[in-house]
file target-v6.pdb (PDB, C-alpha atoms)
MODEL        1
ATOM      1  CA  MET A 189      10.488   0.512  -1.325
ATOM      2  CA  ILE A 190       7.746   2.419  -3.183
ATOM      3  CA  LEU A 191       4.439   1.188  -4.593
ATOM      4  CA  PRO A 192       2.115   3.368  -6.660
ATOM      5  CA  VAL A 193      -1.446   3.638  -5.329
ATOM      6  CA  PRO A 194      -3.767   4.430  -8.237
ATOM      7  CA  GLY A 195      -5.667   7.652  -7.582
ATOM      8  CA  SER A 196      -4.010   8.245  -4.202
ATOM      9  CA  GLY A 197      -0.258   8.649  -4.578
ATOM     10  CA  ARG A 198       2.314   6.164  -3.371
ATOM     11  CA  LEU A 199       2.925   3.783  -0.509
ATOM     12  CA  VAL A 200       6.454   4.089   0.885
ATOM     13  CA  LEU A 201       8.342   1.717   3.161
ATOM     14  CA  PHE A 202      11.254   3.463   4.870
ATOM     15  CA  GLU A 203      14.271   1.511   6.042
ATOM     16  CA  ALA A 204      14.383   1.611   9.827
ATOM     17  CA  TYR A 205      16.966  -1.093  10.450
ATOM     18  CA  PRO A 206      19.874  -0.248  12.726
ATOM     19  CA  THR A 207      22.716   0.779  10.440
ATOM     20  CA  ARG A 208      25.936   2.571  11.247
ATOM     21  CA  ASP A 209      24.835   3.030  14.863
ATOM     22  CA  VAL A 210      21.596   4.776  13.824
ATOM     23  CA  ILE A 211      18.218   3.437  14.937
ATOM     24  CA  HIS A 212      15.123   5.247  13.710
ATOM     25  CA  ARG A 213      13.010   4.730  16.837
ATOM     26  CA  GLU A 214      10.484   7.380  15.784
ATOM     27  CA  ILE A 215       9.194   5.051  13.037
ATOM     28  CA  TRP A 216      10.345   1.632  14.332
ATOM     29  CA  GLY A 217       7.489  -0.817  13.670
ATOM     30  CA  ARG A 218       5.520   1.834  11.750
ATOM     31  CA  GLU A 219       7.748   2.340   8.684
ATOM     32  CA  VAL A 220       4.977   2.452   6.067
ATOM     33  CA  PHE A 221       3.494   5.770   4.912
ATOM     34  CA  LEU A 222       1.015   6.890   2.266
ATOM     35  CA  PHE A 223       2.015  10.036   0.374
ATOM     36  CA  ASP A 224      -0.373  11.916  -1.902
ATOM     37  CA  ALA A 225       0.439  13.049  -5.451
ATOM     38  CA  GLY A 226       1.997  16.250  -4.029
ATOM     39  CA  ASN A 227       4.355  14.186  -1.820
ATOM     40  CA  ARG A 228       2.524  15.154   1.372
ATOM     41  CA  PRO A 229       2.115  12.431   4.014
ATOM     42  CA  VAL A 230      -1.487  11.250   4.360
ATOM     43  CA  TRP A 231      -1.003   8.658   7.111
ATOM     44  CA  GLN A 232       1.520   6.426   8.847
ATOM     45  CA  ILE A 233       0.618   2.740   9.222
ATOM     46  CA  ALA A 234      -1.104   1.779  12.475
ATOM     47  CA  PRO A 235      -0.769  -2.007  12.854
ATOM     48  CA  GLU A 236      -2.929  -3.811  15.361
ATOM     49  CA  PRO A 237      -0.940  -4.793  18.457
ATOM     50  CA  GLY A 238       0.596  -8.233  18.662
ATOM     51  CA  ALA A 239       2.889 -10.671  16.918
ATOM     52  CA  THR A 240       3.089 -14.356  16.108
ATOM     53  CA  ASP A 241       5.043 -16.792  18.203
ATOM     54  CA  ASP A 242       8.091 -18.172  16.477
ATOM     55  CA  MET A 243       7.203 -21.828  16.593
ATOM     56  CA  TYR A 244       3.514 -22.146  15.694
ATOM     57  CA  ARG A 245       2.932 -18.786  13.998
ATOM     58  CA  LYS A 246      -0.181 -18.173  16.086
ATOM     59  CA  PHE A 247      -0.978 -14.452  16.332
ATOM     60  CA  ASP A 248      -1.046 -13.204  19.924
ATOM     61  CA  ALA A 249      -2.428  -9.700  20.497
ATOM     62  CA  THR A 250      -0.628  -9.510  23.870
ATOM     63  CA  ARG A 251       2.810 -10.324  22.480
ATOM     64  CA  PRO A 252       4.894  -7.200  21.803
ATOM     65  CA  ALA A 253       5.950  -6.707  18.198
ATOM     66  CA  THR A 254       9.719  -6.411  17.884
ATOM     67  CA  ASP A 255      10.208  -6.682  14.106
ATOM     68  CA  THR A 256      10.256  -3.859  11.611
ATOM     69  CA  PHE A 257       8.280  -3.887   8.380
ATOM     70  CA  SER A 258      10.410  -5.146   5.505
ATOM     71  CA  ALA A 259       8.061  -5.444   2.515
ATOM     72  CA  ILE A 260       4.926  -3.915   1.020
ATOM     73  CA  SER A 261       2.830  -5.429  -1.729
ATOM     74  CA  ASN A 262      -0.253  -4.912  -3.846
ATOM     75  CA  ILE A 263      -2.126  -8.170  -4.406
ATOM     76  CA  GLU A 264      -5.246  -7.839  -6.540
ATOM     77  CA  GLY A 265      -5.763  -4.243  -5.426
ATOM     78  CA  ARG A 266      -5.278  -4.859  -1.684
ATOM     79  CA  PHE A 267      -2.162  -3.507  -0.017
ATOM     80  CA  TYR A 268      -0.152  -5.473   2.534
ATOM     81  CA  ALA A 269       2.834  -4.837   4.783
ATOM     82  CA  SER A 270       5.000  -7.674   6.117
ATOM     83  CA  ARG A 271       7.422  -7.684   9.014
ATOM     84  CA  ILE A 272      10.858  -9.271   8.888
ATOM     85  CA  GLY A 273       9.551 -12.232  10.899
ATOM     86  CA  GLY A 274       6.704 -12.860   8.433
ATOM     87  CA  ASP A 275       3.695 -11.274  10.168
ATOM     88  CA  THR A 276       1.624  -9.763   7.361
ATOM     89  CA  PHE A 277      -1.046  -7.067   7.669
ATOM     90  CA  VAL A 278      -3.694  -5.890   5.228
ATOM     91  CA  ILE A 279      -3.787  -2.086   5.151
ATOM     92  CA  ASP A 280      -6.921   0.055   5.182
ATOM     93  CA  MET A 281      -5.824   2.554   2.546
ATOM     94  CA  THR A 282      -8.178   5.245   3.862
ATOM     95  CA  THR A 283      -6.914   5.294   7.443
ATOM     96  CA  GLY A 284      -3.634   3.376   7.540
ATOM     97  CA  ALA A 285      -5.032   0.925  10.102
ATOM     98  CA  ALA A 286      -3.540  -2.510   9.478
ATOM     99  CA  SER A 287      -5.008  -5.849  10.545
ATOM    100  CA  TYR A 288      -3.107  -9.097  10.854
ATOM    101  CA  SER A 289      -3.878 -11.255   7.824
ATOM    102  CA  GLY A 290      -1.478 -14.164   8.175
ATOM    103  CA  TRP A 291       2.127 -15.211   8.094
ATOM    104  CA  ALA A 292       4.298 -15.040   5.019
ATOM    105  CA  ARG A 293       7.992 -15.561   4.547
ATOM    106  CA  THR A 294       9.504 -12.198   3.561
TER     107      THR A 294
ENDMDL
END
call {"tool": "encode", "arguments": {"input": "target-v6.pdb", "output": "structure tokens"}}
result
Amino acid sequence: MILPVPGSGRLVLFEAYPTRDVIHREIWGREVFLFDAGNRPVWQIAPEPGATDDMYRKFDATRPATDTFSAISNIEGRFYASRIGGDTFVIDMTTGAASYSGWART
């Protein structure tokens, strides 16, 4: 999945799901990258630690994240990345740091 980032390049979500016995562990859980206009990587997403519980969707910073990112979006000029399980993070487009912003069905 690719989203243009005006004035910066493009946000790219790489598929890191296990397919045909291949697991991309080097990017597992950090599949989102910003590339500049020359196709050079600027940063790789750095999500805050934690995940929601399955029943109440309460974010727990001590719970290990086990889902990969499955969607990226631009909502009113803010960029988000969502995990398969629904945990959604707003991305700091300067640094790639991502903070939990809520739960959304993806």
call {"tool": "atom_distance", "arguments": {"input": "target-v6.pdb", "atom1": "CA of Gly274 in chain A", "atom2": "CA of Thr250 in chain A"}}
result
17.4 Å
call {"tool": "residues_around", "arguments": {"input": "target-v6.pdb", "residues": "Gly238 in chain A", "least_positions_apart": "3", "cutoff": "8 Å", "atoms": "only C-alpha atoms", "output": "ChimeraX atom specification"}}
result
/A:247-253
call {"tool": "closest_residue", "arguments": {"input": "target-v6.pdb", "among": "A:Leu222, A:Ala239, A:Ala269, A:Leu201", "to": "Thr282 in chain A", "atoms": "all atoms listed in the file"}}
result
A:Leu222
call {"tool": "resolve_selection", "arguments": {"input": "target-v6.pdb", "expression": "the PyMOL selection byres ((chain A and resi 255-263) around 10)", "output": "MDAnalysis selection string"}}
result
chainID A and resid 189:193 199:205 215:220 239 252:254 264:279 294
call {"tool": "atom_distance", "arguments": {"input": "target-v6.pdb", "atom1": "CA of Trp291 in chain A", "atom2": "CA of Ser196 in chain A"}}
result
27.2 Å
call {"tool": "atom_distance", "arguments": {"input": "target-v6.pdb", "atom1": "CA of Gly197 in chain A", "atom2": "CA of Trp231 in chain A"}}
result
11.7 Å
